[in-house]
>>> print(open('start02.txt').read())   # compact mmCIF, N, CA and C atoms
# COMPACT_ATOMS: atom_id res chain seq x y z
N MET B 1 -21.98 -7.64 -0.62
CA MET B 1 -20.69 -7.01 -0.50
C MET B 1 -19.97 -7.60 0.70
N VAL B 2 -18.69 -7.81 0.55
CA VAL B 2 -17.87 -8.19 1.68
C VAL B 2 -17.01 -6.98 2.04
N LEU B 3 -17.09 -6.58 3.30
CA LEU B 3 -16.35 -5.45 3.86
C LEU B 3 -15.30 -5.98 4.82
N VAL B 4 -14.04 -5.62 4.58
CA VAL B 4 -12.94 -6.13 5.39
C VAL B 4 -12.15 -4.98 6.00
N ASP B 5 -12.08 -4.95 7.32
CA ASP B 5 -11.25 -3.97 8.01
C ASP B 5 -10.96 -4.53 9.40
N ASP B 6 -9.72 -4.41 9.83
CA ASP B 6 -9.35 -4.94 11.14
C ASP B 6 -9.80 -4.04 12.28
N GLN B 7 -10.22 -2.81 11.96
CA GLN B 7 -10.68 -1.88 13.00
C GLN B 7 -12.20 -1.99 13.12
N CYS B 8 -12.63 -2.47 14.28
CA CYS B 8 -14.05 -2.72 14.53
C CYS B 8 -14.90 -1.48 14.28
N GLN B 9 -14.48 -0.33 14.77
CA GLN B 9 -15.27 0.89 14.60
C GLN B 9 -15.43 1.26 13.14
N MET B 10 -14.39 1.09 12.35
CA MET B 10 -14.47 1.38 10.92
C MET B 10 -15.46 0.42 10.25
N ARG B 11 -15.39 -0.87 10.60
CA ARG B 11 -16.35 -1.83 10.04
C ARG B 11 -17.78 -1.44 10.36
N LEU B 12 -18.03 -1.09 11.62
CA LEU B 12 -19.38 -0.71 12.04
C LEU B 12 -19.86 0.53 11.31
N THR B 13 -19.01 1.54 11.21
CA THR B 13 -19.39 2.79 10.56
C THR B 13 -19.68 2.57 9.08
N LEU B 14 -18.80 1.86 8.40
CA LEU B 14 -19.01 1.60 6.97
C LEU B 14 -20.22 0.70 6.74
N ASN B 15 -20.38 -0.30 7.57
CA ASN B 15 -21.53 -1.20 7.45
C ASN B 15 -22.83 -0.41 7.57
N ARG B 16 -22.89 0.47 8.55
CA ARG B 16 -24.08 1.28 8.76
C ARG B 16 -24.36 2.16 7.54
N ALA B 17 -23.34 2.84 7.04
CA ALA B 17 -23.51 3.72 5.89
C ALA B 17 -23.94 2.94 4.65
N LEU B 18 -23.33 1.81 4.42
CA LEU B 18 -23.65 1.02 3.23
C LEU B 18 -25.04 0.41 3.30
N THR B 19 -25.43 -0.09 4.45
CA THR B 19 -26.78 -0.66 4.56
C THR B 19 -27.84 0.42 4.41
N ARG B 20 -27.55 1.63 4.88
CA ARG B 20 -28.48 2.75 4.67
C ARG B 20 -28.66 3.07 3.19
N HIS B 21 -27.67 2.74 2.38
CA HIS B 21 -27.74 2.98 0.95
C HIS B 21 -28.14 1.72 0.17
N GLY B 22 -28.68 0.74 0.86
CA GLY B 22 -29.27 -0.42 0.20
C GLY B 22 -28.37 -1.61 -0.06
N PHE B 23 -27.14 -1.59 0.45
CA PHE B 23 -26.23 -2.71 0.24
C PHE B 23 -26.44 -3.78 1.30
N ALA B 24 -26.36 -5.02 0.89
CA ALA B 24 -26.31 -6.14 1.83
C ALA B 24 -24.83 -6.37 2.10
N VAL B 25 -24.43 -6.30 3.38
CA VAL B 25 -23.01 -6.29 3.73
C VAL B 25 -22.69 -7.45 4.67
N LEU B 26 -21.65 -8.19 4.33
CA LEU B 26 -21.04 -9.17 5.23
C LEU B 26 -19.72 -8.57 5.66
N THR B 27 -19.40 -8.65 6.94
CA THR B 27 -18.16 -8.04 7.42
C THR B 27 -17.16 -9.10 7.88
N ALA B 28 -15.89 -8.72 7.75
CA ALA B 28 -14.79 -9.57 8.19
C ALA B 28 -13.75 -8.68 8.85
N GLY B 29 -13.16 -9.18 9.92
CA GLY B 29 -12.15 -8.43 10.64
C GLY B 29 -10.73 -8.77 10.23
N SER B 30 -10.59 -9.68 9.28
CA SER B 30 -9.26 -10.08 8.82
C SER B 30 -9.36 -10.60 7.39
N ALA B 31 -8.22 -10.67 6.74
CA ALA B 31 -8.16 -11.21 5.39
C ALA B 31 -8.57 -12.69 5.37
N SER B 32 -8.19 -13.43 6.40
CA SER B 32 -8.55 -14.85 6.41
C SER B 32 -10.06 -15.04 6.58
N GLU B 33 -10.71 -14.21 7.41
CA GLU B 33 -12.17 -14.26 7.53
C GLU B 33 -12.82 -13.91 6.20
N ALA B 34 -12.30 -12.90 5.52
CA ALA B 34 -12.84 -12.49 4.23
C ALA B 34 -12.71 -13.59 3.20
N ARG B 35 -11.58 -14.24 3.20
CA ARG B 35 -11.35 -15.32 2.23
C ARG B 35 -12.38 -16.44 2.44
N THR B 36 -12.68 -16.75 3.69
CA THR B 36 -13.70 -17.76 3.99
C THR B 36 -15.06 -17.33 3.43
N LEU B 37 -15.41 -16.05 3.62
CA LEU B 37 -16.68 -15.55 3.09
C LEU B 37 -16.69 -15.61 1.57
N LEU B 38 -15.60 -15.20 0.93
CA LEU B 38 -15.53 -15.21 -0.53
C LEU B 38 -15.61 -16.63 -1.09
N GLU B 39 -14.99 -17.57 -0.42
CA GLU B 39 -15.03 -18.96 -0.90
C GLU B 39 -16.43 -19.55 -0.77
N ALA B 40 -17.20 -19.08 0.20
CA ALA B 40 -18.56 -19.59 0.40
C ALA B 40 -19.54 -19.01 -0.62
N ASP B 41 -19.37 -17.74 -0.97
CA ASP B 41 -20.29 -17.06 -1.90
C ASP B 41 -19.64 -15.78 -2.39
N VAL B 42 -19.40 -15.71 -3.68
CA VAL B 42 -18.73 -14.53 -4.25
C VAL B 42 -19.71 -13.35 -4.24
N PRO B 43 -19.32 -12.24 -3.61
CA PRO B 43 -20.20 -11.08 -3.53
C PRO B 43 -20.17 -10.24 -4.81
N ASP B 44 -20.98 -9.20 -4.84
CA ASP B 44 -20.98 -8.26 -5.96
C ASP B 44 -19.76 -7.35 -5.92
N VAL B 45 -19.28 -7.07 -4.69
CA VAL B 45 -18.15 -6.15 -4.51
C VAL B 45 -17.35 -6.56 -3.28
N LEU B 46 -16.04 -6.37 -3.36
CA LEU B 46 -15.16 -6.54 -2.21
C LEU B 46 -14.65 -5.15 -1.82
N LEU B 47 -14.84 -4.78 -0.56
CA LEU B 47 -14.36 -3.51 -0.02
C LEU B 47 -13.39 -3.86 1.09
N SER B 48 -12.10 -3.56 0.90
CA SER B 48 -11.10 -4.00 1.86
C SER B 48 -10.08 -2.94 2.21
N ASP B 49 -9.74 -2.92 3.48
CA ASP B 49 -8.60 -2.13 3.94
C ASP B 49 -7.34 -2.84 3.45
N LEU B 50 -6.33 -2.09 3.09
CA LEU B 50 -5.07 -2.70 2.67
C LEU B 50 -4.17 -3.03 3.85
N SER B 51 -4.11 -2.14 4.82
CA SER B 51 -3.20 -2.32 5.95
C SER B 51 -3.97 -2.79 7.17
N MET B 52 -3.78 -4.02 7.52
CA MET B 52 -4.45 -4.57 8.69
C MET B 52 -3.39 -4.86 9.73
N GLY B 53 -3.23 -3.92 10.65
CA GLY B 53 -2.17 -3.94 11.64
C GLY B 53 -2.12 -5.17 12.51
N GLY B 54 -3.28 -5.72 12.84
CA GLY B 54 -3.30 -6.87 13.73
C GLY B 54 -3.23 -8.19 13.00
N ALA B 55 -2.95 -8.13 11.71
CA ALA B 55 -2.95 -9.36 10.93
C ALA B 55 -1.79 -10.26 11.32
N PRO B 56 -2.07 -11.55 11.48
CA PRO B 56 -0.98 -12.49 11.75
C PRO B 56 -0.11 -12.64 10.52
N SER B 57 1.12 -13.01 10.71
CA SER B 57 2.00 -13.20 9.56
C SER B 57 1.58 -14.45 8.80
N GLY B 58 1.95 -14.48 7.55
CA GLY B 58 1.61 -15.63 6.73
C GLY B 58 0.86 -15.21 5.48
N ALA B 59 0.68 -16.14 4.58
CA ALA B 59 0.03 -15.86 3.32
C ALA B 59 -1.40 -15.39 3.54
N GLY B 60 -1.76 -14.34 2.84
CA GLY B 60 -3.13 -13.85 2.89
C GLY B 60 -3.48 -13.08 4.14
N ALA B 61 -2.47 -12.61 4.89
CA ALA B 61 -2.72 -11.97 6.18
C ALA B 61 -3.12 -10.51 6.07
N ASP B 62 -2.82 -9.84 4.94
CA ASP B 62 -3.15 -8.42 4.82
C ASP B 62 -4.06 -8.19 3.62
N GLY B 63 -4.51 -6.95 3.48
CA GLY B 63 -5.42 -6.63 2.40
C GLY B 63 -4.81 -6.77 1.02
N PHE B 64 -3.53 -6.45 0.90
CA PHE B 64 -2.88 -6.60 -0.40
C PHE B 64 -2.85 -8.06 -0.83
N SER B 65 -2.52 -8.95 0.09
CA SER B 65 -2.52 -10.39 -0.23
C SER B 65 -3.93 -10.87 -0.54
N LEU B 66 -4.91 -10.35 0.21
CA LEU B 66 -6.29 -10.74 -0.03
C LEU B 66 -6.73 -10.36 -1.43
N ILE B 67 -6.49 -9.12 -1.83
CA ILE B 67 -6.95 -8.69 -3.15
C ILE B 67 -6.19 -9.40 -4.26
N THR B 68 -4.92 -9.67 -4.06
CA THR B 68 -4.15 -10.41 -5.06
C THR B 68 -4.75 -11.80 -5.24
N TRP B 69 -5.05 -12.48 -4.13
CA TRP B 69 -5.69 -13.80 -4.20
C TRP B 69 -7.08 -13.71 -4.84
N ALA B 70 -7.89 -12.73 -4.41
CA ALA B 70 -9.26 -12.60 -4.91
C ALA B 70 -9.28 -12.33 -6.41
N ARG B 71 -8.36 -11.49 -6.90
CA ARG B 71 -8.32 -11.20 -8.34
C ARG B 71 -7.92 -12.43 -9.15
N ALA B 72 -7.06 -13.28 -8.57
CA ALA B 72 -6.69 -14.51 -9.27
C ALA B 72 -7.85 -15.51 -9.25
N ALA B 73 -8.52 -15.62 -8.13
CA ALA B 73 -9.61 -16.59 -7.98
C ALA B 73 -10.89 -16.14 -8.67
N TYR B 74 -11.17 -14.84 -8.64
CA TYR B 74 -12.42 -14.29 -9.17
C TYR B 74 -12.11 -13.04 -9.99
N PRO B 75 -11.63 -13.19 -11.22
CA PRO B 75 -11.17 -12.04 -12.01
C PRO B 75 -12.25 -10.98 -12.26
N ALA B 76 -13.50 -11.36 -12.22
CA ALA B 76 -14.59 -10.41 -12.48
C ALA B 76 -15.10 -9.74 -11.22
N LEU B 77 -14.48 -10.01 -10.07
CA LEU B 77 -14.92 -9.42 -8.81
C LEU B 77 -14.40 -7.98 -8.70
N PRO B 78 -15.32 -7.00 -8.68
CA PRO B 78 -14.86 -5.62 -8.50
C PRO B 78 -14.49 -5.38 -7.04
N ALA B 79 -13.53 -4.49 -6.84
CA ALA B 79 -13.05 -4.24 -5.48
C ALA B 79 -12.67 -2.78 -5.29
N VAL B 80 -12.89 -2.31 -4.07
CA VAL B 80 -12.45 -0.99 -3.64
C VAL B 80 -11.49 -1.22 -2.49
N LEU B 81 -10.29 -0.69 -2.62
CA LEU B 81 -9.26 -0.85 -1.60
C LEU B 81 -9.07 0.47 -0.87
N MET B 82 -9.11 0.40 0.45
CA MET B 82 -8.99 1.60 1.28
C MET B 82 -7.69 1.56 2.06
N SER B 83 -7.08 2.73 2.23
CA SER B 83 -5.91 2.81 3.09
C SER B 83 -5.55 4.26 3.34
N GLY B 84 -5.03 4.48 4.51
CA GLY B 84 -4.48 5.78 4.84
C GLY B 84 -2.98 5.79 4.64
N GLN B 85 -2.41 4.65 4.23
CA GLN B 85 -0.96 4.52 4.13
C GLN B 85 -0.45 4.20 2.73
N ALA B 86 -1.14 3.34 2.02
CA ALA B 86 -0.63 2.89 0.72
C ALA B 86 -0.79 3.98 -0.32
N ALA B 87 0.19 4.11 -1.17
CA ALA B 87 0.12 5.06 -2.28
C ALA B 87 -0.48 4.36 -3.49
N PRO B 88 -1.31 5.04 -4.26
CA PRO B 88 -1.93 4.42 -5.42
C PRO B 88 -0.94 3.81 -6.41
N GLN B 89 0.25 4.39 -6.57
CA GLN B 89 1.23 3.82 -7.51
C GLN B 89 1.67 2.42 -7.08
N ASP B 90 1.55 2.11 -5.79
CA ASP B 90 1.88 0.76 -5.33
C ASP B 90 0.87 -0.26 -5.85
N LEU B 91 -0.27 0.22 -6.32
CA LEU B 91 -1.36 -0.66 -6.72
C LEU B 91 -1.59 -0.68 -8.22
N ALA B 92 -0.66 -0.13 -8.98
CA ALA B 92 -0.87 0.04 -10.42
C ALA B 92 -1.25 -1.26 -11.12
N ASP B 93 -0.62 -2.36 -10.79
CA ASP B 93 -0.93 -3.63 -11.45
C ASP B 93 -2.35 -4.09 -11.13
N LEU B 94 -2.80 -3.83 -9.92
CA LEU B 94 -4.15 -4.26 -9.53
C LEU B 94 -5.24 -3.37 -10.08
N THR B 95 -4.97 -2.10 -10.23
CA THR B 95 -6.01 -1.15 -10.63
C THR B 95 -6.03 -0.84 -12.12
N SER B 96 -5.11 -1.40 -12.88
CA SER B 96 -4.97 -1.02 -14.29
C SER B 96 -6.18 -1.37 -15.15
N ASP B 97 -6.96 -2.39 -14.81
CA ASP B 97 -8.10 -2.76 -15.64
C ASP B 97 -9.40 -2.09 -15.22
N GLY B 98 -9.36 -1.26 -14.18
CA GLY B 98 -10.55 -0.55 -13.74
C GLY B 98 -11.47 -1.34 -12.83
N MET B 99 -11.18 -2.61 -12.62
CA MET B 99 -12.02 -3.46 -11.77
C MET B 99 -11.71 -3.25 -10.29
N VAL B 100 -10.59 -2.61 -10.02
CA VAL B 100 -10.17 -2.32 -8.65
C VAL B 100 -9.85 -0.84 -8.58
N CYS B 101 -10.34 -0.17 -7.54
CA CYS B 101 -9.94 1.23 -7.36
C CYS B 101 -9.45 1.45 -5.94
N PHE B 102 -8.65 2.46 -5.80
CA PHE B 102 -8.06 2.83 -4.52
C PHE B 102 -8.80 4.03 -3.95
N LEU B 103 -9.14 3.95 -2.67
CA LEU B 103 -9.83 5.03 -1.98
C LEU B 103 -9.01 5.42 -0.75
N PRO B 104 -8.35 6.58 -0.79
CA PRO B 104 -7.52 6.97 0.35
C PRO B 104 -8.38 7.39 1.54
N LYS B 105 -7.97 6.96 2.74
CA LYS B 105 -8.63 7.36 3.98
C LYS B 105 -8.04 8.69 4.42
N PRO B 106 -8.81 9.56 5.01
CA PRO B 106 -10.25 9.45 5.24
C PRO B 106 -11.02 9.78 3.97
N PHE B 107 -12.26 9.30 3.88
CA PHE B 107 -13.09 9.55 2.71
C PHE B 107 -14.53 9.80 3.14
N SER B 108 -15.29 10.41 2.27
CA SER B 108 -16.70 10.67 2.53
C SER B 108 -17.54 9.49 2.06
N THR B 109 -18.77 9.44 2.53
CA THR B 109 -19.69 8.40 2.06
C THR B 109 -19.90 8.54 0.55
N LYS B 110 -19.99 9.78 0.07
CA LYS B 110 -20.15 9.99 -1.37
C LYS B 110 -18.97 9.42 -2.15
N ALA B 111 -17.76 9.67 -1.69
CA ALA B 111 -16.58 9.13 -2.38
C ALA B 111 -16.60 7.61 -2.38
N LEU B 112 -17.02 7.01 -1.27
CA LEU B 112 -17.13 5.55 -1.19
C LEU B 112 -18.15 5.03 -2.19
N LEU B 113 -19.33 5.63 -2.20
CA LEU B 113 -20.39 5.19 -3.11
C LEU B 113 -19.98 5.39 -4.57
N ASP B 114 -19.31 6.49 -4.87
CA ASP B 114 -18.82 6.74 -6.23
C ASP B 114 -17.81 5.67 -6.65
N SER B 115 -16.92 5.31 -5.75
CA SER B 115 -15.91 4.28 -6.05
C SER B 115 -16.57 2.93 -6.29
N ILE B 116 -17.52 2.59 -5.46
CA ILE B 116 -18.24 1.33 -5.65
C ILE B 116 -18.96 1.34 -7.00
N GLY B 117 -19.62 2.43 -7.30
CA GLY B 117 -20.33 2.55 -8.57
C GLY B 117 -19.42 2.38 -9.77
N ARG B 118 -18.22 2.97 -9.70
CA ARG B 118 -17.25 2.86 -10.81
C ARG B 118 -16.82 1.42 -11.05
N VAL B 119 -16.44 0.71 -9.97
CA VAL B 119 -15.94 -0.66 -10.18
C VAL B 119 -17.07 -1.61 -10.57
N VAL B 120 -18.27 -1.38 -10.06
CA VAL B 120 -19.41 -2.24 -10.45
C VAL B 120 -19.75 -2.02 -11.92
N ALA B 121 -19.74 -0.76 -12.36
CA ALA B 121 -20.00 -0.48 -13.78
C ALA B 121 -18.95 -1.14 -14.67
N MET B 122 -17.69 -1.09 -14.25
CA MET B 122 -16.63 -1.72 -15.03
C MET B 122 -16.83 -3.24 -15.07
N ALA B 123 -17.22 -3.82 -13.95
CA ALA B 123 -17.43 -5.28 -13.89
C ALA B 123 -18.55 -5.70 -14.81
N ARG B 124 -19.57 -4.89 -14.93
CA ARG B 124 -20.70 -5.23 -15.81
C ARG B 124 -20.26 -5.28 -17.28
N SER B 125 -19.25 -4.53 -17.63
CA SER B 125 -18.78 -4.53 -19.01
C SER B 125 -17.65 -5.54 -19.24
N TYR B 126 -17.28 -6.25 -18.18
CA TYR B 126 -16.16 -7.20 -18.25
C TYR B 126 -16.50 -8.38 -19.11
>>> encode(input="start02.txt", output="structure tokens")
Amino acid sequence: MVLVDDQCQMRLTLNRALTRHGFAVLTAGSASEARTLLEADVPDVLLSDLSMGGAPSGAGADGFSLITWARAAYPALPAVLMSGQAAPQDLADLTSDGMVCFLPKPFSTKALLDSIGRVVAMARSY
């Protein structure tokens, strides 16, 4: 799994929770770091924050650009998108096939695991 969040504490907390539940996690603090990880080895799941406040301007600088690129490059890659700001209707085109789901912050570990389970199950039937 590749986990992307510009907030270090969030990355650490999610990484800890996911590894406790048996996931192998690679972390990235930016969309560009995540893209490098994805290009090197496509993971089973992409978990990304949508709003990355410290992101530099330019193509692929935020989570929305990252997921748009990742879906074009790897259509079978399931993804969970997290945000405390974005509304799910903003993501209708990305989430319509079930391979991507939106998880509003704050969320519980159970909600995170359920979301991951849903997109992975959908990817298996892709």
>>> select_by_dssp(input="start02.txt", residues="chain B", states="strand (DSSP E or B)", output="list of chain:residue names")
B:Val2, B:Leu3, B:Val4, B:Leu26, B:Thr27, B:Ala28, B:Leu46, B:Leu47, B:Ser48, B:Asp49, B:Ala79, B:Val80, B:Leu81, B:Met82, B:Ser83, B:Val100, B:Cys101, B:Phe102, B:Leu103, B:Pro104
>>> residues_near_point(input="start02.txt", point="(-7.2, 9.8, 0.5)", cutoff="8 Å", atoms="only N, CA and C atoms", output="list in words")
Ser83, Gly84, Gln85, Phe102, Leu103, Pro104, Lys105, Pro106 and Phe107 of chain B
>>> select_by_dssp(input="start02.txt", residues="chain B", states="helix (DSSP H, G or I)", output="PyMOL selection string")
chain B and resi 8-20+31-40+63-73+88-95+109-124
>>> atom_distance(input="start02.txt", atom1="atom C of Pro75 of chain B", atom2="atom C of Ser30 of chain B")
19.9 Å
>>> closest_residue(input="start02.txt", among="B:Asp97, B:Asp44, B:Asp62, B:Asp49", to="Val120 of chain B", atoms="only N, CA and C atoms")
B:Asp44
>>> axis_aligned_box(input="start02.txt", around="segment 3-22 of chain B", padding_each_side="5 Å", output="lines of an AutoDock Vina configuration file")
center_x = -19.3
center_y = -1.4
center_z = 7.4
size_x = 29.9
size_y = 20.3
size_z = 24.8
>>> residues_around(input="start02.txt", residues="Asp5 of chain B", least_positions_apart="3", cutoff="8 Å", atoms="all atoms listed in the file", output="list in words")
Val2, Cys8, Gln9, Met10, Arg11, Thr27, Ala28, Gly29, Ser30, Ala31, Leu47, Ser48, Asp49, Leu50, Ser51, Met52 and Gly53 of chain B
>>> atom_distance(input="start02.txt", atom1="atom CA of Val100 of chain B", atom2="atom CA of Met82 of chain B")
10.7 Å
>>> atom_distance(input="start02.txt", atom1="atom CA of Ala17 of chain B", atom2="atom C of Val42 of chain B")
20.2 Å
>>> residues_around(input="start02.txt", residues="Leu77 of chain B", least_positions_apart="6", cutoff="7 Å", atoms="all atoms listed in the file", output="list in words")
Pro43, Asp44, Val45, Leu46, Ala70, Arg71, Met99, Val100 and Ala123 of chain B
>>> closest_residue(input="start02.txt", among="B:Val119, B:Leu37, B:Leu91, B:Leu112", to="Ile67 of chain B", atoms="only C-alpha atoms")
B:Leu91
>>> closest_residue(input="start02.txt", among="B:Gly117, B:Met1, B:Val80, B:Thr36", to="Asn15 of chain B", atoms="only C-alpha atoms")
B:Met1
>>> residues_around(input="start02.txt", residues="Met122 of chain B", least_positions_apart="3", cutoff="8 Å", atoms="only C-alpha atoms", output="PyMOL selection string")
chain B and resi 78+98-99+118-119+125-126
>>> write_last_selection(input="start02.txt", atoms="N, CA and C atoms", output="tab-separated table (two decimals), in the coordinates of the input")
chain	number	residue	atom	x	y	z
B	78	PRO	N	-15.32	-7.00	-8.68
B	78	PRO	CA	-14.86	-5.62	-8.50
B	78	PRO	C	-14.49	-5.38	-7.04
B	98	GLY	N	-9.36	-1.26	-14.18
B	98	GLY	CA	-10.55	-0.55	-13.74
B	98	GLY	C	-11.47	-1.34	-12.83
B	99	MET	N	-11.18	-2.61	-12.62
B	99	MET	CA	-12.02	-3.46	-11.77
B	99	MET	C	-11.71	-3.25	-10.29
B	118	ARG	N	-18.22	2.97	-9.70
B	118	ARG	CA	-17.25	2.86	-10.81
B	118	ARG	C	-16.82	1.42	-11.05
B	119	VAL	N	-16.44	0.71	-9.97
B	119	VAL	CA	-15.94	-0.66	-10.18
B	119	VAL	C	-17.07	-1.61	-10.57
B	125	SER	N	-19.25	-4.53	-17.63
B	125	SER	CA	-18.78	-4.53	-19.01
B	125	SER	C	-17.65	-5.54	-19.24
B	126	TYR	N	-17.28	-6.25	-18.18
B	126	TYR	CA	-16.16	-7.20	-18.25
B	126	TYR	C	-16.50	-8.38	-19.11
